[in-house]
2 protein chains.
Amino acid sequence: MPRGECKGQGWWHGKFRGCGYRLTLGREAILDVLSKAEGHLSAEDIYMKIHLKYPNVGLTTVYRTLDVLSNLGMVYKLDFGDGRARYEFAEGPKGAHHHHHLVCTQCNKVIDYTDFIDDEVELLNQTEKGLGQKYKFKITNHLIQFYGVCEQCSGKN
Amino acid sequence: MPRGECKGQGWWHGKFRGCGYRLTLGREAILDVLSKAEGHLSAEDIYMKIHLKYPNVGLTTVYRTLDVLSNLGMVYKLDFGDGRARYEFAEGPKGAHHHHHLVCTQCNKVIDYTDFIDDEVELLNQTEKGLGQKYKFKITNHLIQFYGVCEQCSGKN
DNA sequence: TTAATAATGAAAACCATTTCCAATAAGGAG
DNA sequence: CTCCTTATTGGAAATGGTTTTCATTATTAA
């Protein structure tokens, strides 16, 4: 199976192997950390966590694996404007909590919210369909973020 | 007037000066380029354009100015995942064409679309209000992007 | 087990963005 | 208009997240 087409369906080991990727210790460790962690880990965060248990998994491998996972759609790569990418496990088939982000532009704190998600997602799906047709795009993903100043940072001013 | 509060109202020279910022040649040049350009320029793009006419405006100044403009809300700083920030003039008081972005994850091409914008914006405003109250955020901005594979890149596979 | 080749780690390279700092220039006061 | 305070600047150097290189190792299908 060509790697390019391995996006969007299947799951975990099978998905991984089925796409011609080998399953290695490092990759499992990274998947493990990501699937258990909540929140938004940077490559280095992940490296740190793994390094305790597997001291011989390098940061380079973390970056490489995250890239693969991101291409496979198993992980979302996010940018909250603090100069490093953040990674978030794409919820599994059981459909965990789809959420969007609320970012404080001053302290970079990020709140995951699920409020209003249903309406948002419905509209997004519609829009996706429309845009996909009009611009001949195969739309695979969307990003919504709200930016503002959080309560604490508002106070400081 | 404290700089921190200079966001969201006023316009151009006045806005600039009123916030304690000095109006310099470089800054005007950058504003000029941004307001005329369509599309999404990187700091270096802007630097290049300016450099022809004003060879003594440095790249550092471009970065600094973009930062100021971004903080003032006169410019949007965008990330399309190609490793460099892109800047887009925030449409003036005459309210030009508010748009969102459709990004090809393979070639990084970006399409500005205005379709469905009205519905989107309406929903976003509602959501903003709700989120703002619930999380005590002063929401100032939002970001919506759709990701997918464009027609050309689909063909290549 | 073996061969073919994907994956790895460590160090070096990359490169967009920031920081430093001495020199310059904007703009209010007089 | 001139002076003075201080924001701004350019250039070079530093920063720091991410990628590349390359020789070595490990996974998988046969």
# chains A, B, ... in the order shown; residues from 1 in each chain; ligands from 1
>>> residues_around(residues="stretch 10-27 of chain D", least_positions_apart="5", cutoff="12 Å", atoms="only C-alpha atoms (C1' of nucleotides)", output="number ranges by chain")
A: 17, 20-26, 42-44, 59-64, 66-67, 82-86; B: 26, 55-62, 82-83; C: 4-24
>>> select_by_dssp(residues="chain B", states="alpha helix (DSSP H)", output="MDAnalysis selection string")
chainID B and resid 12:18 25:36 43:53 59:72 117:135 151:156
>>> write_last_selection(atoms="C-alpha atoms", output="PDB file, in the first residue's frame")
ATOM      1  CA  TRP B  12      -3.345  54.517  10.798  1.00  0.00           C
ATOM      2  CA  HIS B  13      -1.145  57.491  11.572  1.00  0.00           C
ATOM      3  CA  GLY B  14      -3.306  58.545  14.423  1.00  0.00           C
ATOM      4  CA  LYS B  15      -3.469  55.105  15.837  1.00  0.00           C
ATOM      5  CA  PHE B  16       0.234  54.789  15.549  1.00  0.00           C
ATOM      6  CA  ARG B  17       1.187  58.076  17.003  1.00  0.00           C
ATOM      7  CA  GLY B  18      -1.514  58.043  19.590  1.00  0.00           C
ATOM      8  CA  LEU B  25      10.212  55.935   7.154  1.00  0.00           C
ATOM      9  CA  GLY B  26      10.654  52.220   7.593  1.00  0.00           C
ATOM     10  CA  ARG B  27       7.339  51.784   9.297  1.00  0.00           C
ATOM     11  CA  GLU B  28       5.500  53.720   6.654  1.00  0.00           C
ATOM     12  CA  ALA B  29       7.180  51.716   3.947  1.00  0.00           C
ATOM     13  CA  ILE B  30       6.159  48.479   5.587  1.00  0.00           C
ATOM     14  CA  LEU B  31       2.596  49.602   6.054  1.00  0.00           C
ATOM     15  CA  ASP B  32       2.556  50.710   2.476  1.00  0.00           C
ATOM     16  CA  VAL B  33       3.726  47.395   1.131  1.00  0.00           C
ATOM     17  CA  LEU B  34       1.327  45.473   3.319  1.00  0.00           C
ATOM     18  CA  SER B  35      -1.684  47.562   2.484  1.00  0.00           C
ATOM     19  CA  LYS B  36      -1.106  47.240  -1.226  1.00  0.00           C
ATOM     20  CA  ALA B  43       9.012  39.131   6.654  1.00  0.00           C
ATOM     21  CA  GLU B  44      11.610  38.565   4.010  1.00  0.00           C
ATOM     22  CA  ASP B  45       9.142  39.150   1.177  1.00  0.00           C
ATOM     23  CA  ILE B  46       8.382  42.492   2.691  1.00  0.00           C
ATOM     24  CA  TYR B  47      12.025  43.247   3.242  1.00  0.00           C
ATOM     25  CA  MET B  48      12.783  42.518  -0.391  1.00  0.00           C
ATOM     26  CA  LYS B  49      10.057  44.777  -1.688  1.00  0.00           C
ATOM     27  CA  ILE B  50      11.077  47.623   0.534  1.00  0.00           C
ATOM     28  CA  HIS B  51      14.734  47.165  -0.056  1.00  0.00           C
ATOM     29  CA  LEU B  52      14.439  48.293  -3.649  1.00  0.00           C
ATOM     30  CA  LYS B  53      13.175  51.695  -2.675  1.00  0.00           C
ATOM     31  CA  LEU B  59      15.297  43.053   8.052  1.00  0.00           C
ATOM     32  CA  THR B  60      15.401  43.489  11.802  1.00  0.00           C
ATOM     33  CA  THR B  61      13.253  46.555  11.522  1.00  0.00           C
ATOM     34  CA  VAL B  62      10.786  44.668   9.396  1.00  0.00           C
ATOM     35  CA  TYR B  63      10.436  42.035  12.073  1.00  0.00           C
ATOM     36  CA  ARG B  64      10.115  44.613  14.801  1.00  0.00           C
ATOM     37  CA  THR B  65       7.556  46.616  12.941  1.00  0.00           C
ATOM     38  CA  LEU B  66       5.498  43.579  12.072  1.00  0.00           C
ATOM     39  CA  ASP B  67       5.454  42.730  15.722  1.00  0.00           C
ATOM     40  CA  VAL B  68       4.180  46.151  16.628  1.00  0.00           C
ATOM     41  CA  LEU B  69       1.581  46.129  13.887  1.00  0.00           C
ATOM     42  CA  SER B  70       0.449  42.726  14.924  1.00  0.00           C
ATOM     43  CA  ASN B  71       0.041  43.841  18.509  1.00  0.00           C
ATOM     44  CA  LEU B  72      -1.888  46.872  17.379  1.00  0.00           C
ATOM     45  CA  ILE B 117     -18.010  33.538   5.485  1.00  0.00           C
ATOM     46  CA  ASP B 118     -21.206  35.103   6.728  1.00  0.00           C
ATOM     47  CA  ASP B 119     -22.451  31.971   8.409  1.00  0.00           C
ATOM     48  CA  GLU B 120     -19.036  31.281   9.786  1.00  0.00           C
ATOM     49  CA  VAL B 121     -18.597  34.714  11.196  1.00  0.00           C
ATOM     50  CA  GLU B 122     -22.008  34.680  12.749  1.00  0.00           C
ATOM     51  CA  LEU B 123     -21.331  31.416  14.487  1.00  0.00           C
ATOM     52  CA  LEU B 124     -17.912  32.602  15.542  1.00  0.00           C
ATOM     53  CA  ASN B 125     -19.312  35.725  17.078  1.00  0.00           C
ATOM     54  CA  GLN B 126     -21.793  33.724  19.081  1.00  0.00           C
ATOM     55  CA  THR B 127     -19.122  31.316  20.182  1.00  0.00           C
ATOM     56  CA  GLU B 128     -16.807  34.135  21.067  1.00  0.00           C
ATOM     57  CA  LYS B 129     -19.409  35.640  23.280  1.00  0.00           C
ATOM     58  CA  GLY B 130     -20.141  32.357  25.006  1.00  0.00           C
ATOM     59  CA  LEU B 131     -16.526  31.408  25.475  1.00  0.00           C
ATOM     60  CA  GLY B 132     -15.579  34.857  26.616  1.00  0.00           C
ATOM     61  CA  GLN B 133     -18.127  34.703  29.392  1.00  0.00           C
ATOM     62  CA  LYS B 134     -17.468  31.171  30.467  1.00  0.00           C
ATOM     63  CA  TYR B 135     -13.709  31.405  30.560  1.00  0.00           C
ATOM     64  CA  GLU B 151      -6.262  19.543  -7.185  1.00  0.00           C
ATOM     65  CA  GLN B 152      -2.741  19.578  -8.604  1.00  0.00           C
ATOM     66  CA  CYS B 153      -1.260  17.703  -5.690  1.00  0.00           C
ATOM     67  CA  SER B 154      -4.039  15.144  -5.794  1.00  0.00           C
ATOM     68  CA  GLY B 155      -3.166  14.415  -9.374  1.00  0.00           C
ATOM     69  CA  LYS B 156       0.502  13.839  -8.668  1.00  0.00           C
TER      70      LYS B 156
END
>>> select_by_dssp(residues="stretch 92-152 of chain B", states="strand (DSSP E or B)", output="PyMOL selection string")
chain B and resi 100-104+110-113+138-149
>>> interface_residues(of="chain B", to="chain A", cutoff="7 Å", atoms="only C-alpha atoms", output="mmCIF file with N, CA and C atoms, in the first residue's frame")
data_model
loop_
_atom_site.group_PDB
_atom_site.id
_atom_site.type_symbol
_atom_site.label_atom_id
_atom_site.label_comp_id
_atom_site.auth_asym_id
_atom_site.auth_seq_id
_atom_site.Cartn_x
_atom_site.Cartn_y
_atom_site.Cartn_z
ATOM 1 N N PHE B 116 -19.290 31.277 2.329
ATOM 2 C CA PHE B 116 -19.786 30.805 3.621
ATOM 3 C C PHE B 116 -19.331 31.672 4.791
ATOM 4 N N THR B 127 -20.033 32.138 19.405
ATOM 5 C CA THR B 127 -19.122 31.316 20.182
ATOM 6 C C THR B 127 -18.189 32.184 21.005
ATOM 7 N N LYS B 136 -13.897 33.772 30.989
ATOM 8 C CA LYS B 136 -13.420 35.093 31.379
ATOM 9 C C LYS B 136 -12.267 35.571 30.479
ATOM 10 N N PHE B 137 -12.402 35.287 29.220
ATOM 11 C CA PHE B 137 -11.409 35.719 28.249
ATOM 12 C C PHE B 137 -11.910 36.967 27.542
ATOM 13 N N LYS B 138 -10.993 37.892 27.305
ATOM 14 C CA LYS B 138 -11.306 38.977 26.375
ATOM 15 C C LYS B 138 -10.867 38.505 24.997
ATOM 16 N N ILE B 139 -11.798 37.960 24.250
ATOM 17 C CA ILE B 139 -11.419 37.400 22.958
ATOM 18 C C ILE B 139 -11.270 38.500 21.928
ATOM 19 N N THR B 140 -10.152 38.485 21.239
ATOM 20 C CA THR B 140 -9.859 39.566 20.307
ATOM 21 C C THR B 140 -9.781 39.092 18.872
ATOM 22 N N ASN B 141 -9.726 37.790 18.694
ATOM 23 C CA ASN B 141 -9.439 37.329 17.349
ATOM 24 C C ASN B 141 -9.754 35.838 17.223
ATOM 25 N N HIS B 142 -9.914 35.412 16.005
ATOM 26 C CA HIS B 142 -10.092 33.981 15.807
ATOM 27 C C HIS B 142 -9.340 33.531 14.561
ATOM 28 N N LEU B 143 -9.176 32.261 14.467
ATOM 29 C CA LEU B 143 -8.469 31.697 13.334
ATOM 30 C C LEU B 143 -9.213 30.467 12.855
ATOM 31 N N ILE B 144 -9.550 30.458 11.589
ATOM 32 C CA ILE B 144 -10.116 29.261 10.986
ATOM 33 C C ILE B 144 -9.319 28.921 9.754
ATOM 34 N N GLN B 145 -8.902 27.717 9.679
ATOM 35 C CA GLN B 145 -8.247 27.273 8.457
ATOM 36 C C GLN B 145 -8.687 25.847 8.137
ATOM 37 N N PHE B 146 -8.818 25.603 6.857
ATOM 38 C CA PHE B 146 -9.077 24.234 6.431
ATOM 39 C C PHE B 146 -7.824 23.709 5.748
ATOM 40 N N TYR B 147 -7.560 22.443 6.011
ATOM 41 C CA TYR B 147 -6.387 21.819 5.409
ATOM 42 C C TYR B 147 -6.808 20.673 4.509
ATOM 43 N N GLY B 148 -6.085 20.519 3.434
ATOM 44 C CA GLY B 148 -6.388 19.424 2.538
ATOM 45 C C GLY B 148 -5.363 19.349 1.430
ATOM 46 N N VAL B 149 -5.736 18.657 0.390
ATOM 47 C CA VAL B 149 -4.830 18.480 -0.730
ATOM 48 C C VAL B 149 -5.472 19.104 -1.959
ATOM 49 N N CYS B 150 -4.731 19.972 -2.609
ATOM 50 C CA CYS B 150 -5.299 20.697 -3.738
ATOM 51 C C CYS B 150 -5.372 19.816 -4.980
ATOM 52 N N GLU B 151 -6.027 20.345 -5.986
ATOM 53 C CA GLU B 151 -6.262 19.543 -7.185
ATOM 54 C C GLU B 151 -4.952 19.046 -7.805
#
